[in-house]
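Worksheet for the structure shown next.
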Amino acid sequence: MDENQQNLHHLLDFELLNKLIVGIGEVSDITGIPTRKIRYWEEKGAIESEKSGEGSTRRYNYLNVKKMLLIQEMLDEGFTLDAAIKKVEKRMETLNEAFRKLANTMTEHRE
DNA sequence: GTTCTCACA
DNA sequence: TGTGAGAA
């Protein structure tokens with residue numbers, strides 16, 4: 001597989017990741033975080049799930065899942081939930097901004 | 001399977 | 001900071 005093929009492969013992975021939307025049960029299975037705790041965190045403003053239009057079941061994308069895992073790590077390290085929420089929020093904010101800039105430079109330099 | 005709420009540790 | 005139980 002040459003370099004171009006690898007780049008394409010990674011872009012496809014990213015697309016799939018962006019479209020990956022799962023229910024609370026699956027998130028719980030993947031992360032090991034009980035569904036009860038996920039709802040509790042949501043109640044405390046840690047995460048915002050997209051509620052699927054018709055039904056009322058919560059839907060989570062990979063950023064939500066990532067956020068939960070980060071928060072769980074912070075709690076394990078002794079942070080309070082509120083502190084963990086704020087810290088993770090800030091981390092993901094700067095991360096997303098950096099990648100947004102990176103994406104911009106990539107499109108600017110294309111063609 | 002999911003939702004909520006109330007009580008409890 | 002969570003959990004258990006019950007009900008829809």
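Here's how to read the names in the structure tokens: chain A, B, ... by the order shown, residue numbers from 1 in each chain, ligand numbers from 1 in the order shown.
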
Which residues of chain A come within 10 Å of chain C, and what is each one's closest atom pair and distance in Å (one decimal), counting only C-alpha atoms (C1' of nucleotides), sorted by chain and residue number, as JSON lines?
```
{"residue": "A:Arg36", "atom": "CA", "partner": "C:DT3", "partner_atom": "C1'", "distance": 7.9}
{"residue": "A:Lys37", "atom": "CA", "partner": "C:DG2", "partner_atom": "C1'", "distance": 6.9}
{"residue": "A:Tyr40", "atom": "CA", "partner": "C:DG2", "partner_atom": "C1'", "distance": 7.9}
{"residue": "A:Trp41", "atom": "CA", "partner": "C:DG2", "partner_atom": "C1'", "distance": 9.6}
{"residue": "A:Leu75", "atom": "CA", "partner": "C:DT1", "partner_atom": "C1'", "distance": 9.7}
{"residue": "A:Thr80", "atom": "CA", "partner": "C:DT1", "partner_atom": "C1'", "distance": 8.4}
{"residue": "A:Leu81", "atom": "CA", "partner": "C:DT1", "partner_atom": "C1'", "distance": 7.7}
```

Where does DSSP see strand (DSSP E) in chain A, if you list the residues as a CSV table (one decimal) with C-alpha atoms, in the first residue's frame?
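So the final result, stored in result.csv, reads:
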```
chain,number,residue,atom,x,y,z
A,50,GLU,CA,-28.5,14.1,20.4
A,51,LYS,CA,-32.0,12.8,21.1
A,58,ARG,CA,-30.1,9.3,23.5
A,59,ARG,CA,-27.6,9.1,20.6
```

Proximity of chain B to chain A: per-residue shortest pair, 9 Å limit, only C-alpha atoms (C1' of nucleotides), as JSON lines:
```
{"residue": "B:DG1", "atom": "C1'", "partner": "A:Gly25", "partner_atom": "CA", "distance": 8.1}
{"residue": "B:DT2", "atom": "C1'", "partner": "A:Thr57", "partner_atom": "CA", "distance": 6.1}
{"residue": "B:DT3", "atom": "C1'", "partner": "A:Ser56", "partner_atom": "CA", "distance": 7.3}
```

Kindly export the residues of the current selection with all heavy atoms, as an mmCIF file, in the first residue's frame.
```cif
data_model
loop_
_atom_site.group_PDB
_atom_site.id
_atom_site.type_symbol
_atom_site.label_atom_id
_atom_site.label_comp_id
_atom_site.auth_asym_id
_atom_site.auth_seq_id
_atom_site.Cartn_x
_atom_site.Cartn_y
_atom_site.Cartn_z
ATOM 1 P P DG B 1 -30.394 -4.931 27.623
ATOM 2 O OP1 DG B 1 -29.517 -5.585 26.705
ATOM 3 O OP2 DG B 1 -30.768 -5.309 28.845
ATOM 4 O "O5'" DG B 1 -30.910 -3.653 26.906
ATOM 5 C "C5'" DG B 1 -30.497 -3.579 25.572
ATOM 6 C "C4'" DG B 1 -31.458 -2.697 24.837
ATOM 7 O "O4'" DG B 1 -32.748 -3.319 24.785
ATOM 8 C "C3'" DG B 1 -31.683 -1.361 25.486
ATOM 9 O "O3'" DG B 1 -30.711 -0.446 25.061
ATOM 10 C "C2'" DG B 1 -33.062 -0.970 24.967
ATOM 11 C "C1'" DG B 1 -33.763 -2.320 24.844
ATOM 12 N N9 DG B 1 -34.637 -2.648 25.961
ATOM 13 C C8 DG B 1 -34.473 -3.647 26.869
ATOM 14 N N7 DG B 1 -35.428 -3.699 27.755
ATOM 15 C C5 DG B 1 -36.280 -2.662 27.399
ATOM 16 C C6 DG B 1 -37.489 -2.231 27.978
ATOM 17 O O6 DG B 1 -38.068 -2.698 28.977
ATOM 18 N N1 DG B 1 -38.021 -1.136 27.291
ATOM 19 C C2 DG B 1 -37.458 -0.560 26.198
ATOM 20 N N2 DG B 1 -38.110 0.482 25.675
ATOM 21 N N3 DG B 1 -36.323 -0.956 25.651
ATOM 22 C C4 DG B 1 -35.794 -2.004 26.288
ATOM 23 P P DT B 2 -30.097 0.661 26.026
ATOM 24 O OP1 DT B 2 -28.969 1.272 25.288
ATOM 25 O OP2 DT B 2 -29.897 0.017 27.340
ATOM 26 O "O5'" DT B 2 -31.253 1.757 26.184
ATOM 27 C "C5'" DT B 2 -31.680 2.472 25.041
ATOM 28 C "C4'" DT B 2 -32.982 3.149 25.344
ATOM 29 O "O4'" DT B 2 -33.952 2.157 25.709
ATOM 30 C "C3'" DT B 2 -32.964 4.089 26.533
ATOM 31 O "O3'" DT B 2 -32.486 5.358 26.160
ATOM 32 C "C2'" DT B 2 -34.435 4.158 26.894
ATOM 33 C "C1'" DT B 2 -34.967 2.791 26.476
ATOM 34 N N1 DT B 2 -35.335 1.923 27.634
ATOM 35 C C2 DT B 2 -36.522 2.153 28.284
ATOM 36 O O2 DT B 2 -37.303 3.035 27.964
ATOM 37 N N3 DT B 2 -36.776 1.313 29.331
ATOM 38 C C4 DT B 2 -35.976 0.290 29.780
ATOM 39 O O4 DT B 2 -36.303 -0.403 30.728
ATOM 40 C C5 DT B 2 -34.742 0.104 29.061
ATOM 41 C C7 DT B 2 -33.793 -0.981 29.453
ATOM 42 C C6 DT B 2 -34.486 0.919 28.029
ATOM 43 P P DT B 3 -32.218 6.499 27.219
ATOM 44 O OP1 DT B 3 -31.705 7.681 26.506
ATOM 45 O OP2 DT B 3 -31.422 5.832 28.255
ATOM 46 O "O5'" DT B 3 -33.650 6.850 27.865
ATOM 47 C "C5'" DT B 3 -34.602 7.598 27.098
ATOM 48 C "C4'" DT B 3 -35.848 7.815 27.937
ATOM 49 O "O4'" DT B 3 -36.442 6.538 28.270
ATOM 50 C "C3'" DT B 3 -35.598 8.479 29.275
ATOM 51 O "O3'" DT B 3 -35.598 9.876 29.132
ATOM 52 C "C2'" DT B 3 -36.772 7.996 30.105
ATOM 53 C "C1'" DT B 3 -37.101 6.632 29.521
ATOM 54 N N1 DT B 3 -36.659 5.501 30.384
ATOM 55 C C2 DT B 3 -37.535 4.991 31.309
ATOM 56 O O2 DT B 3 -38.659 5.417 31.476
ATOM 57 N N3 DT B 3 -37.056 3.950 32.055
ATOM 58 C C4 DT B 3 -35.799 3.383 31.954
ATOM 59 O O4 DT B 3 -35.462 2.443 32.673
ATOM 60 C C5 DT B 3 -34.914 3.982 30.963
ATOM 61 C C7 DT B 3 -33.540 3.444 30.779
ATOM 62 C C6 DT B 3 -35.388 4.999 30.238
#
```

**Report entry** Between CA of Lys44 (chain A) and CA of Glu26 (chain A), distance in Å (one decimal)
**Finding:** 21.0 Å

Query raised in the report: In Å to one decimal, how far is CA of Asn64 (chain A) from CA of Asp13 (chain A)?
Result: 17.5 Å
